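Novice: mmCIF, C-alpha atoms, saved as structure37.cif, coming up:
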data_start
loop_
_atom_site.group_PDB
_atom_site.id
_atom_site.type_symbol
_atom_site.label_atom_id
_atom_site.label_comp_id
_atom_site.auth_asym_id
_atom_site.auth_seq_id
_atom_site.Cartn_x
_atom_site.Cartn_y
_atom_site.Cartn_z
ATOM 1 C CA MET N 1 0.000 0.000 0.000
ATOM 2 C CA MET N 2 3.067 2.276 0.084
ATOM 3 C CA MET N 3 3.011 4.895 -2.648
ATOM 4 C CA ALA N 4 3.794 8.537 -3.306
ATOM 5 C CA THR N 5 1.843 11.054 -1.279
ATOM 6 C CA PRO N 6 -0.713 12.770 -3.545
ATOM 7 C CA GLU N 7 -1.111 16.534 -3.513
ATOM 8 C CA ILE N 8 -4.269 18.331 -2.427
ATOM 9 C CA GLY N 9 -6.508 19.072 -5.378
ATOM 10 C CA GLY N 10 -4.745 16.401 -7.447
ATOM 11 C CA VAL N 11 -5.124 13.148 -5.491
ATOM 12 C CA ALA N 12 -3.846 10.317 -7.644
ATOM 13 C CA GLY N 13 -6.303 7.482 -8.086
ATOM 14 C CA ALA N 14 -9.079 9.294 -6.177
ATOM 15 C CA PRO N 15 -12.412 8.824 -7.932
ATOM 16 C CA ASN N 16 -13.953 11.908 -6.349
ATOM 17 C CA GLU N 17 -11.827 14.828 -5.057
ATOM 18 C CA GLY N 18 -14.816 16.428 -3.345
ATOM 19 C CA VAL N 19 -14.860 13.758 -0.606
ATOM 20 C CA PHE N 20 -11.632 15.170 0.912
ATOM 21 C CA ASP N 21 -11.631 18.039 3.397
ATOM 22 C CA ALA N 22 -8.628 20.150 2.409
ATOM 23 C CA ALA N 23 -8.362 21.722 5.871
ATOM 24 C CA HIS N 24 -8.364 18.307 7.564
ATOM 25 C CA VAL N 25 -5.715 16.948 5.178
ATOM 26 C CA ALA N 26 -3.465 19.965 5.737
ATOM 27 C CA GLU N 27 -3.904 19.687 9.511
ATOM 28 C CA VAL N 28 -3.125 15.954 9.450
ATOM 29 C CA LYS N 29 0.012 16.514 7.327
ATOM 30 C CA THR N 30 1.275 19.236 9.656
ATOM 31 C CA TRP N 31 0.647 17.117 12.735
ATOM 32 C CA LEU N 32 2.323 14.027 11.257
ATOM 33 C CA LYS N 33 5.363 16.081 10.245
ATOM 34 C CA THR N 34 5.660 17.554 13.754
ATOM 35 C CA VAL N 35 5.313 14.168 15.457
ATOM 36 C CA PHE N 36 7.815 12.326 13.276
ATOM 37 C CA GLU N 37 10.340 15.184 13.333
ATOM 38 C CA ALA N 38 10.209 15.104 17.143
ATOM 39 C CA VAL N 39 11.565 11.534 17.072
ATOM 40 C CA GLY N 40 13.970 12.199 14.182
ATOM 41 C CA ARG N 41 12.099 10.240 11.528
ATOM 42 C CA GLU N 42 10.395 11.035 8.250
ATOM 43 C CA VAL N 43 6.697 10.721 7.558
ATOM 44 C CA PRO N 44 6.108 7.411 5.697
ATOM 45 C CA ASP N 45 4.366 7.467 2.348
ATOM 46 C CA PHE N 46 0.783 6.228 2.318
ATOM 47 C CA GLU N 47 -2.456 6.863 0.475
ATOM 48 C CA TYR N 48 -4.680 9.640 1.750
ATOM 49 C CA THR N 49 -8.194 8.233 1.566
ATOM 50 C CA PRO N 50 -11.296 9.728 3.180
ATOM 51 C CA ARG N 51 -11.225 6.949 5.780
ATOM 52 C CA THR N 52 -7.533 7.370 6.724
ATOM 53 C CA VAL N 53 -7.863 11.154 6.789
ATOM 54 C CA ALA N 54 -10.882 10.910 9.107
ATOM 55 C CA HIS N 55 -9.102 8.501 11.503
ATOM 56 C CA LEU N 56 -5.878 10.514 11.500
ATOM 57 C CA HIS N 57 -7.777 13.758 12.074
ATOM 58 C CA ASN N 58 -9.523 12.253 15.109
ATOM 59 C CA ILE N 59 -6.191 11.041 16.488
ATOM 60 C CA CYS N 60 -4.635 14.444 15.736
ATOM 61 C CA THR N 61 -7.399 16.311 17.557
ATOM 62 C CA LEU N 62 -7.175 14.018 20.596
ATOM 63 C CA SER N 63 -3.360 14.258 20.675
ATOM 64 C CA GLN N 64 -3.437 18.051 20.466
ATOM 65 C CA LYS N 65 -5.934 18.273 23.328
ATOM 66 C CA ARG N 66 -3.832 15.966 25.518
ATOM 67 C CA THR N 67 -0.625 17.841 24.600
ATOM 68 C CA GLN N 68 -2.297 21.123 25.503
ATOM 69 C CA ALA N 69 -3.483 19.713 28.846
ATOM 70 C CA ALA N 70 -0.015 18.283 29.577
ATOM 71 C CA THR N 71 1.558 21.630 28.696
ATOM 72 C CA ILE N 72 -0.752 23.425 31.113
ATOM 73 C CA VAL N 73 0.045 20.960 33.903
ATOM 74 C CA ALA N 74 3.797 21.141 33.210
ATOM 75 C CA THR N 75 3.703 24.952 33.244
ATOM 76 C CA ASP N 76 1.849 24.909 36.557
ATOM 77 C CA LEU N 77 4.319 22.433 38.037
ATOM 78 C CA ARG N 78 7.297 24.502 36.871
ATOM 79 C CA GLN N 79 5.734 27.603 38.402
ATOM 80 C CA LYS N 80 5.141 25.793 41.693
ATOM 81 C CA ALA N 81 8.735 24.467 41.639
ATOM 82 C CA ALA N 82 10.071 28.013 41.138
ATOM 83 C CA GLU N 83 7.908 29.218 44.040
ATOM 84 C CA PHE N 84 9.103 26.384 46.248
ATOM 85 C CA ARG N 85 12.755 27.142 45.371
ATOM 86 C CA ALA N 86 12.235 30.845 46.134
ATOM 87 C CA GLU N 87 10.548 29.976 49.426
ATOM 88 C CA ALA N 88 13.361 27.552 50.274
ATOM 89 C CA ALA N 89 15.984 30.275 49.559
ATOM 90 C CA ARG N 90 14.054 32.745 51.735
ATOM 91 C CA VAL N 91 13.716 30.274 54.598
ATOM 92 C CA ARG N 92 17.417 29.339 54.265
ATOM 93 C CA GLU N 93 18.368 33.021 54.421
ATOM 94 C CA ILE N 94 16.210 33.564 57.515
ATOM 95 C CA LEU N 95 17.696 30.517 59.215
ATOM 96 C CA GLU N 96 21.250 31.649 58.404
ATOM 97 C CA CYS N 97 20.506 35.100 59.791
ATOM 98 C CA ALA N 98 19.154 33.506 62.961
ATOM 99 C CA GLY N 99 22.153 31.184 63.229
ATOM 100 C CA LEU N 100 20.021 28.117 62.538
ATOM 101 C CA SER N 101 21.556 27.005 59.304
ATOM 102 C CA GLN N 102 22.075 23.302 58.712
ATOM 103 C CA GLU N 103 25.813 23.645 59.378
ATOM 104 C CA ASN N 104 25.119 25.175 62.823
ATOM 105 C CA LEU N 105 22.634 22.499 63.881
ATOM 106 C CA SER N 106 23.599 19.400 65.793
ATOM 107 C CA GLN N 107 23.130 15.940 64.369
ATOM 108 C CA SER N 108 19.977 15.450 66.436
ATOM 109 C CA GLY N 109 18.635 18.805 65.246
ATOM 110 C CA VAL N 110 19.246 17.835 61.604
ATOM 111 C CA ALA N 111 17.492 14.506 62.252
ATOM 112 C CA SER N 112 14.573 16.326 63.880
ATOM 113 C CA ALA N 113 14.317 18.711 60.911
ATOM 114 C CA HIS N 114 14.301 15.780 58.506
ATOM 115 C CA THR N 115 11.658 14.088 60.628
ATOM 116 C CA LEU N 116 9.496 17.227 60.561
ATOM 117 C CA ALA N 117 9.928 17.464 56.789
ATOM 118 C CA THR N 118 8.964 13.790 56.385
ATOM 119 C CA VAL N 119 5.917 14.211 58.604
ATOM 120 C CA ALA N 120 4.909 17.334 56.692
ATOM 121 C CA GLN N 121 5.120 15.407 53.428
ATOM 122 C CA LEU N 122 3.067 12.558 54.871
ATOM 123 C CA LEU N 123 0.467 15.002 56.200
ATOM 124 C CA ASP N 124 0.530 16.940 52.908
ATOM 125 C CA ILE N 125 1.069 20.387 54.537
ATOM 126 C CA ASN N 126 2.921 23.304 53.053
ATOM 127 C CA ASN N 127 4.550 24.703 56.223
ATOM 128 C CA MET N 128 5.857 23.674 59.611
ATOM 129 C CA GLU N 129 3.420 25.679 61.729
ATOM 130 C CA THR N 130 1.785 23.980 64.679
ATOM 131 C CA SER N 131 -1.693 24.891 63.472
ATOM 132 C CA SER N 132 -1.021 23.141 60.162
ATOM 133 C CA PHE N 133 0.086 20.004 62.006
ATOM 134 C CA LEU N 134 -2.989 20.162 64.270
ATOM 135 C CA LEU N 135 -5.323 20.629 61.314
ATOM 136 C CA ALA N 136 -3.667 17.762 59.482
ATOM 137 C CA MET N 137 -3.941 15.540 62.566
ATOM 138 C CA ALA N 138 -7.599 16.512 62.988
ATOM 139 C CA GLU N 139 -8.245 15.617 59.366
ATOM 140 C CA LEU N 140 -6.486 12.296 59.883
ATOM 141 C CA SER N 141 -8.638 11.701 62.980
ATOM 142 C CA LEU N 142 -11.788 12.378 60.965
ATOM 143 C CA LYS N 143 -10.600 10.052 58.202
ATOM 144 C CA LYS N 144 -9.764 7.435 60.831
ATOM 145 C CA ALA N 145 -13.250 7.738 62.350
ATOM 146 C CA ASP N 146 -14.798 7.496 58.901
ATOM 147 C CA VAL N 147 -12.708 4.434 58.101
ATOM 148 C CA GLU N 148 -13.631 2.814 61.436
ATOM 149 C CA GLU N 149 -17.309 3.515 60.796
ATOM 150 C CA LYS N 150 -17.059 2.011 57.332
ATOM 151 C CA ARG N 151 -15.141 -0.919 58.784
ATOM 152 C CA SER N 152 -17.832 -1.467 61.431
ATOM 153 C CA ARG N 153 -20.539 -1.285 58.780
ATOM 154 C CA ALA N 154 -18.571 -3.692 56.585
ATOM 155 C CA GLN N 155 -18.185 -6.074 59.554
ATOM 156 C CA LYS N 156 -21.946 -5.957 60.185
ATOM 157 C CA GLU N 157 -22.643 -6.612 56.524
ATOM 158 C CA SER N 158 -20.065 -9.402 56.536
ATOM 159 C CA LYS N 159 -21.702 -10.940 59.611
ATOM 160 C CA MET N 160 -25.113 -10.657 57.994
ATOM 161 C CA LEU N 161 -23.794 -12.255 54.826
ATOM 162 C CA LEU N 162 -22.186 -15.003 56.897
ATOM 163 C CA ASP N 163 -25.488 -15.671 58.692
ATOM 164 C CA ASN N 164 -27.337 -15.725 55.383
ATOM 165 C CA THR N 165 -24.708 -18.074 53.979
ATOM 166 C CA ARG N 166 -25.096 -20.427 56.929
ATOM 167 C CA LYS N 167 -28.883 -20.369 56.555
ATOM 168 C CA ALA N 168 -28.530 -21.020 52.841
ATOM 169 C CA ILE N 169 -26.180 -23.942 53.528
ATOM 170 C CA ALA N 170 -28.656 -25.351 56.075
ATOM 171 C CA ARG N 171 -31.510 -25.021 53.583
ATOM 172 C CA LEU N 172 -29.384 -26.612 50.890
ATOM 173 C CA THR N 173 -28.604 -29.517 53.205
ATOM 174 C CA TYR N 174 -32.313 -29.911 54.003
ATOM 175 C CA LEU N 175 -33.214 -29.804 50.311
ATOM 176 C CA LYS N 176 -30.551 -32.393 49.501
ATOM 177 C CA ARG N 177 -31.858 -34.672 52.266
ATOM 178 C CA THR N 178 -35.423 -34.182 51.028
ATOM 179 C CA LEU N 179 -34.330 -34.915 47.475
ATOM 180 C CA SER N 180 -32.618 -38.105 48.639
ATOM 181 C CA GLN N 181 -35.781 -39.195 50.461
ATOM 182 C CA LEU N 182 -37.913 -38.458 47.415
ATOM 183 C CA GLU N 183 -35.532 -40.429 45.211
ATOM 184 C CA GLU N 184 -35.743 -43.379 47.615
ATOM 185 C CA GLU N 185 -39.554 -43.185 47.677
ATOM 186 C CA ALA N 186 -39.601 -42.954 43.896
ATOM 187 C CA ALA N 187 -37.443 -46.082 43.683
ATOM 188 C CA VAL N 188 -39.816 -47.897 46.080
ATOM 189 C CA ARG N 189 -42.939 -46.797 44.168
ATOM 190 C CA GLU N 190 -41.464 -47.480 40.764
ATOM 191 C CA GLY N 191 -42.549 -51.166 40.889
ATOM 192 C CA PRO N 192 -46.256 -50.458 41.647
ATOM 193 C CA MET N 193 -46.254 -47.659 39.100
ATOM 194 C CA MET N 194 -44.955 -50.033 36.437
ATOM 195 C CA GLN N 195 -47.700 -52.500 37.431
ATOM 196 C CA TRP N 196 -50.308 -49.732 37.214
ATOM 197 C CA GLN N 197 -49.028 -48.736 33.811
ATOM 198 C CA THR N 198 -49.287 -52.344 32.673
ATOM 199 C CA ASN N 199 -52.848 -52.560 34.038
ATOM 200 C CA LEU N 200 -53.773 -49.298 32.342
ATOM 201 C CA LYS N 201 -52.466 -50.596 29.036
ATOM 202 C CA MET N 202 -54.438 -53.832 29.499
ATOM 203 C CA MET N 203 -57.591 -51.910 30.427
ATOM 204 C CA ALA N 204 -57.158 -49.647 27.411
ATOM 205 C CA SER N 205 -56.839 -52.747 25.211
ATOM 206 C CA LYS N 206 -59.978 -54.242 26.823
ATOM 207 C CA GLU N 207 -61.809 -50.964 26.313
ATOM 208 C CA ARG N 208 -60.989 -51.016 22.606
ATOM 209 C CA GLN N 209 -62.096 -54.674 22.458
ATOM 210 C CA TYR N 210 -65.400 -53.962 24.239
ATOM 211 C CA LEU N 211 -66.083 -50.943 22.046
ATOM 212 C CA GLN N 212 -65.527 -53.109 18.974
ATOM 213 C CA GLN N 213 -67.846 -55.796 20.349
ATOM 214 C CA LEU N 214 -70.470 -53.167 21.152
ATOM 215 C CA ALA N 215 -70.227 -51.860 17.588
ATOM 216 C CA ASN N 216 -70.605 -55.432 16.256
ATOM 217 C CA TYR N 217 -73.658 -56.060 18.492
ATOM 218 C CA LYS N 218 -75.238 -52.816 17.340
ATOM 219 C CA ALA N 219 -74.669 -53.848 13.723
ATOM 220 C CA VAL N 220 -76.292 -57.261 14.407
ATOM 221 C CA LEU N 221 -79.293 -55.615 16.105
ATOM 222 C CA ALA N 222 -79.622 -53.201 13.193
ATOM 223 C CA ARG N 223 -79.688 -56.106 10.727
ATOM 224 C CA LEU N 224 -82.330 -57.868 12.870
ATOM 225 C CA GLY N 225 -84.525 -54.754 12.833
ATOM 226 C CA TYR N 226 -84.107 -53.936 16.504
ATOM 227 C CA THR N 227 -85.449 -50.547 17.508
ATOM 228 C CA PRO N 228 -85.243 -48.772 20.877
ATOM 229 C CA GLU N 229 -88.972 -49.458 21.384
ATOM 230 C CA ILE N 230 -88.231 -53.200 21.676
ATOM 231 C CA SER N 231 -86.802 -53.083 25.138
ATOM 232 C CA HIS N 232 -86.895 -55.456 28.087
ATOM 233 C CA GLY N 233 -89.659 -53.501 29.775
ATOM 234 C CA VAL N 234 -91.871 -53.570 26.678
ATOM 235 C CA LEU N 235 -91.299 -57.300 26.199
ATOM 236 C CA MET N 236 -92.192 -57.957 29.857
ATOM 237 C CA GLN N 237 -95.425 -55.964 29.417
ATOM 238 C CA MET N 238 -96.254 -58.037 26.320
ATOM 239 C CA VAL N 239 -95.606 -61.238 28.313
ATOM 240 C CA GLU N 240 -97.959 -60.050 31.045
ATOM 241 C CA LEU N 241 -100.620 -59.173 28.424
ATOM 242 C CA ARG N 242 -100.192 -62.552 26.794
ATOM 243 C CA LYS N 243 -100.640 -64.303 30.138
ATOM 244 C CA ASP N 244 -103.729 -62.198 30.846
ATOM 245 C CA LEU N 245 -105.185 -63.000 27.439
ATOM 246 C CA GLU N 246 -104.398 -66.679 27.931
ATOM 247 C CA ARG N 247 -106.270 -66.565 31.216
ATOM 248 C CA LYS N 248 -109.240 -64.906 29.478
ATOM 249 C CA THR N 249 -109.236 -67.231 26.449
ATOM 250 C CA LYS N 250 -108.670 -70.449 28.416
ATOM 251 C CA PRO N 251 -112.369 -70.741 29.517
ATOM 252 C CA ILE N 252 -113.471 -70.157 25.943
ATOM 253 C CA LEU N 253 -111.115 -72.859 24.656
ATOM 254 C CA ASP N 254 -112.331 -75.201 27.376
ATOM 255 C CA THR N 255 -115.907 -74.460 26.355
ATOM 256 C CA LEU N 256 -115.096 -75.131 22.695
ATOM 257 C CA ARG N 257 -113.468 -78.387 23.632
ATOM 258 C CA SER N 258 -116.586 -79.312 25.596
ATOM 259 C CA TYR N 259 -118.594 -78.829 22.440
ATOM 260 C CA GLN N 260 -116.996 -81.920 21.088
ATOM 261 C CA ASP N 261 -119.484 -83.779 23.256
ATOM 262 C CA LEU N 262 -122.537 -81.917 21.798
ATOM 263 C CA PRO N 263 -125.512 -83.929 20.543
ATOM 264 C CA PRO N 264 -125.564 -84.574 16.841
ATOM 265 C CA ASP N 265 -127.829 -81.628 16.200
ATOM 266 C CA LYS N 266 -125.874 -80.048 13.401
ATOM 267 C CA ALA N 267 -127.749 -76.749 13.251
ATOM 268 C CA LEU N 268 -127.500 -76.062 16.946
ATOM 269 C CA ALA N 269 -123.843 -77.120 16.991
ATOM 270 C CA GLU N 270 -123.001 -74.813 14.110
ATOM 271 C CA LEU N 271 -124.699 -71.874 15.807
ATOM 272 C CA ALA N 272 -122.860 -72.543 19.074
ATOM 273 C CA ILE N 273 -119.539 -72.930 17.295
ATOM 274 C CA GLU N 274 -120.124 -69.732 15.331
ATOM 275 C CA ASP N 275 -120.813 -67.830 18.543
ATOM 276 C CA LYS N 276 -117.652 -69.132 20.171
ATOM 277 C CA ARG N 277 -115.619 -68.381 17.026
ATOM 278 C CA ARG N 278 -116.790 -64.775 17.113
ATOM 279 C CA GLU N 279 -115.825 -64.544 20.793
ATOM 280 C CA TYR N 280 -112.420 -66.087 20.016
ATOM 281 C CA GLU N 281 -111.854 -63.662 17.119
ATOM 282 C CA ALA N 282 -112.817 -60.743 19.364
ATOM 283 C CA ALA N 283 -110.321 -61.981 21.969
ATOM 284 C CA GLU N 284 -107.555 -62.306 19.329
ATOM 285 C CA LYS N 285 -108.357 -58.778 18.069
ATOM 286 C CA TYR N 286 -108.152 -57.496 21.643
ATOM 287 C CA LEU N 287 -104.798 -59.242 22.071
ATOM 288 C CA GLU N 288 -103.525 -57.773 18.808
ATOM 289 C CA ASP N 289 -104.695 -54.270 19.763
ATOM 290 C CA ALA N 290 -103.033 -54.614 23.173
ATOM 291 C CA LEU N 291 -99.763 -55.713 21.563
ATOM 292 C CA HIS N 292 -99.813 -52.763 19.134
ATOM 293 C CA SER N 293 -100.609 -50.398 21.971
ATOM 294 C CA ALA N 294 -97.699 -51.766 24.024
ATOM 295 C CA LEU N 295 -95.288 -51.435 21.092
ATOM 296 C CA ASN N 296 -96.353 -47.864 20.343
ATOM 297 C CA THR N 297 -96.082 -46.726 23.985
ATOM 298 C CA PRO N 298 -92.627 -45.038 24.586
ATOM 299 C CA ASN N 299 -90.432 -46.801 27.147
ATOM 300 C CA ASP N 300 -89.533 -44.678 30.210
#
In structure tokens, what does this structure look like?
Specialist:
Amino acid sequence: MMMATPEIGGVAGAPNEGVFDAAHVAEVKTWLKTVFEAVGREVPDFEYTPRTVAHLHNICTLSQKRTQAATIVATDLRQKAAEFRAEAARVREILECAGLSQENLSQSGVASAHTLATVAQLLDINNMETSSFLLAMAELSLKKADVEEKRSRAQKESKMLLDNTRKAIARLTYLKRTLSQLEEEAAVREGPMMQWQTNLKMMASKERQYLQQLANYKAVLARLGYTPEISHGVLMQMVELRKDLERKTKPILDTLRSYQDLPPDKALAELAIEDKRREYEAAEKYLEDALHSALNTPND
């Protein structure tokens, strides 16, 4: 992808020159030149495409902002260092005038001064005044109290979490024991359940068999002309009617049989027989009407 850097307004191989922002390209080139010259290297050749220009411009903007912020911080630090050096020279001059220069102090005094300086650095104070030390110690006391309060709260939360953990472990143990018992009961009941399943399958097979037999019986009854009116109750009523009619017709039949012993008077015998025949026909008609009435009466 390495090639000669194209010029603005005459980008080699660019299908559309309007997609480039001339200001962005110029800014990117200037920034790249500054950065590479700072490390003693030359800017490598590459193709300026809209995508690379956009990425490099974003990086350039971010780098410039961070460089500006770092410059501000460095300037402030240099100013503070100059102030500290001036203050140190002033304090040294005062101490020399008072005969308290480092050369005039004993070894213990130098050690004490170093100790005070170390403590001041630890307490983050700018001078050696007693009030500054007291304020710093008070602030440390407040921080210590805050830390102890947070520590106490953390200990309470830790204790609460520990109690909850113990309760959770106890519940887990109980659930495991319950699960074990249920598994044992399931193993014990597995045999009867298998037997019940077998019985259910057998009963389902019998049900299908009985339904098929019922369908066959219904087909046979349909071929025989069975209707719902011909039920057991209706047939029993017809039997009772038949017995009643037999009781009523029995005397007539007995009378007709007795006519076999009639005298040989043909005319009288014929008249008697004709009367009995009419009575017998009336009885048969009554029986037939009773049977029809019983068949036509709906069965409750």
Novice: Atom CA of N:Met238 to atom CA of N:Ala290: how many Å, to one decimal?
Specialist: 8.2 Å
Novice: Enter the distance from atom CA of N:Thr255 to atom CA of N:Leu291, in Å, rounded to one decimal.
Specialist: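 Separation of atom CA of N:Thr255 and atom CA of N:Leu291: 25.2 Å.
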Novice: Extending 4 Å beyond the listed atoms of stretch 277-282 of chain N on each side, what axis-aligned box results? I want centre and edge lengths in Å to one decimal, as AutoDock Vina command-line options.
Specialist:
--center_x -114.3 --center_y -64.6 --center_z 18.9 --size_x 12.9 --size_y 15.6 --size_z 11.8
Novice: What does the distance from atom CA of N:Leu123 to atom CA of N:Ala136 come to in Å, to one decimal?
Specialist: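 Distance between the two atoms: 6.0 Å.
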Novice: Smallest atom-to-atom distance to N:Ala54: which of N:Ala23, N:Ser205, N:Lys143, N:Thr30, using only C-alpha atoms?
Specialist: N:Ala23
Novice: Please evaluate the PyMOL selection byres ((chain N and resi 53) around 12) against the structure above and give the resulting residues as a list in words.
Specialist: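 So the PyMOL selection byres ((chain N and resi 53) around 12), applied here, picks out Val19, Phe20, Asp21, Ala22, Ala23, His24, Val25, Ala26, Glu27, Val28, Lys29, Trp31, Leu32, Phe46, Glu47, Tyr48, Thr49, Pro50, Arg51, Thr52, Ala54, His55, Leu56, His57, Asn58, Ile59, Cys60 and Thr61 of chain N.
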Novice: Produce a file of the selected residues containing C-alpha atoms, as a short mmCIF file (atom, residue, chain, number, x, y, z; two decimals), in the coordinates of the input.
Specialist:
data_model
loop_
_atom_site.label_atom_id
_atom_site.label_comp_id
_atom_site.auth_asym_id
_atom_site.auth_seq_id
_atom_site.Cartn_x
_atom_site.Cartn_y
_atom_site.Cartn_z
CA VAL N 19 -14.86 13.76 -0.61
CA PHE N 20 -11.63 15.17 0.91
CA ASP N 21 -11.63 18.04 3.40
CA ALA N 22 -8.63 20.15 2.41
CA ALA N 23 -8.36 21.72 5.87
CA HIS N 24 -8.36 18.31 7.56
CA VAL N 25 -5.72 16.95 5.18
CA ALA N 26 -3.46 19.96 5.74
CA GLU N 27 -3.90 19.69 9.51
CA VAL N 28 -3.12 15.95 9.45
CA LYS N 29 0.01 16.51 7.33
CA TRP N 31 0.65 17.12 12.74
CA LEU N 32 2.32 14.03 11.26
CA PHE N 46 0.78 6.23 2.32
CA GLU N 47 -2.46 6.86 0.48
CA TYR N 48 -4.68 9.64 1.75
CA THR N 49 -8.19 8.23 1.57
CA PRO N 50 -11.30 9.73 3.18
CA ARG N 51 -11.22 6.95 5.78
CA THR N 52 -7.53 7.37 6.72
CA ALA N 54 -10.88 10.91 9.11
CA HIS N 55 -9.10 8.50 11.50
CA LEU N 56 -5.88 10.51 11.50
CA HIS N 57 -7.78 13.76 12.07
CA ASN N 58 -9.52 12.25 15.11
CA ILE N 59 -6.19 11.04 16.49
CA CYS N 60 -4.64 14.44 15.74
CA THR N 61 -7.40 16.31 17.56
#
Novice: Nearest residue to N:Arg277 out of N:Gln213, N:Asn164, N:Thr249, N:Gln155, using only C-alpha atoms?
Specialist: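 Between N:Gln213, N:Asn164, N:Thr249, N:Gln155, the residue approaching N:Arg277 most closely is N:Thr249.
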